[in-house]
Amino acid sequence: MAEHGYSREVDPNFHRQAALATERDRLALDLQDRVTKLNEQARIFIPLVALCLIVAIPIWSKSLLRFLILLLSPFVLLPVGFCIVHLALAWRGIAKARTRIRDWERDTQESEEVES
């Protein structure tokens, strides 16, 4: 029995490799969730913004000043602004998740180069 060691004695990097794989999976899952959330929000918000613009086209064609007044109206500005802010925040979250994945990959490559 003394000849058979524990698995961690056979490969000391096993637990580290498993932790790295788990971290990579967690980051990829976070990115996938954020992209799914952005797609759901875009499916709702982009048609709303387009509808606001379509409704505003007759006003725009009559007078640019009326169109600008309509856009500055709280009944238009707040919902459209809400939609745009939500989409921008979701996109920013995706960019951050991608950056974290790139940083993680760079760190793991640097640590592998140091070990070898």
# chains A, B, ... in the order shown; residues from 1 in each chain; ligands from 1
>>> residues_around(residues="region 72-76 of chain A", least_positions_apart="3", cutoff="10 Å", atoms="only C-alpha atoms", output="short mmCIF file (atom, residue, chain, number, x, y, z; two decimals) with N, CA, C and O atoms, in the first residue's frame")
data_model
loop_
_atom_site.label_atom_id
_atom_site.label_comp_id
_atom_site.auth_asym_id
_atom_site.auth_seq_id
_atom_site.Cartn_x
_atom_site.Cartn_y
_atom_site.Cartn_z
N VAL A 49 -38.08 52.02 -29.22
CA VAL A 49 -37.40 53.22 -29.71
C VAL A 49 -37.78 53.46 -31.17
O VAL A 49 -38.07 54.60 -31.57
N CYS A 52 -41.25 54.92 -31.35
CA CYS A 52 -41.24 56.34 -31.01
C CYS A 52 -40.79 57.18 -32.20
O CYS A 52 -41.37 58.23 -32.49
N LEU A 53 -39.77 56.72 -32.90
CA LEU A 53 -39.30 57.47 -34.06
C LEU A 53 -40.30 57.45 -35.21
O LEU A 53 -40.51 58.45 -35.89
N ALA A 56 -42.95 59.82 -34.51
CA ALA A 56 -42.47 61.20 -34.58
C ALA A 56 -42.18 61.66 -36.00
O ALA A 56 -42.02 62.86 -36.23
N ARG A 66 -40.71 71.43 -33.89
CA ARG A 66 -41.73 70.61 -33.19
C ARG A 66 -41.16 69.24 -32.82
O ARG A 66 -41.47 68.70 -31.76
N PHE A 67 -40.38 68.69 -33.72
CA PHE A 67 -39.76 67.38 -33.46
C PHE A 67 -38.84 67.46 -32.24
O PHE A 67 -38.87 66.59 -31.37
N LEU A 68 -38.02 68.48 -32.16
CA LEU A 68 -37.11 68.63 -31.03
C LEU A 68 -37.89 68.85 -29.73
O LEU A 68 -37.52 68.31 -28.68
N ILE A 69 -38.96 69.62 -29.81
CA ILE A 69 -39.80 69.82 -28.62
C ILE A 69 -40.43 68.50 -28.19
O ILE A 69 -40.50 68.19 -27.00
N PRO A 79 -38.95 57.47 -21.45
CA PRO A 79 -38.96 56.07 -21.89
C PRO A 79 -37.84 55.73 -22.87
O PRO A 79 -37.21 54.68 -22.76
N VAL A 80 -37.58 56.63 -23.82
CA VAL A 80 -36.51 56.36 -24.78
C VAL A 80 -35.16 56.36 -24.07
O VAL A 80 -34.32 55.49 -24.32
N GLY A 81 -34.97 57.32 -23.17
CA GLY A 81 -33.72 57.35 -22.41
C GLY A 81 -33.55 56.11 -21.55
O GLY A 81 -32.45 55.56 -21.45
#
>>> residues_around(residues="region 22-34 of chain A", least_positions_apart="5", cutoff="12 Å", atoms="only C-alpha atoms", output="JSON, numbers by chain")
{"A": [15, 16, 17, 39, 40, 41, 87, 89, 90, 91, 92, 93, 94, 95, 96, 97, 98, 99, 100, 101, 102, 103, 104, 105, 106, 107, 108]}
>>> atom_distance(atom1="CA of Ile84 (chain A)", atom2="CA of Ile59 (chain A)")
21.8 Å
>>> atom_distance(atom1="CA of Phe82 (chain A)", atom2="CA of Ile54 (chain A)")
18.0 Å
>>> atom_distance(atom1="CA of Ile57 (chain A)", atom2="CA of Ile44 (chain A)")
20.8 Å
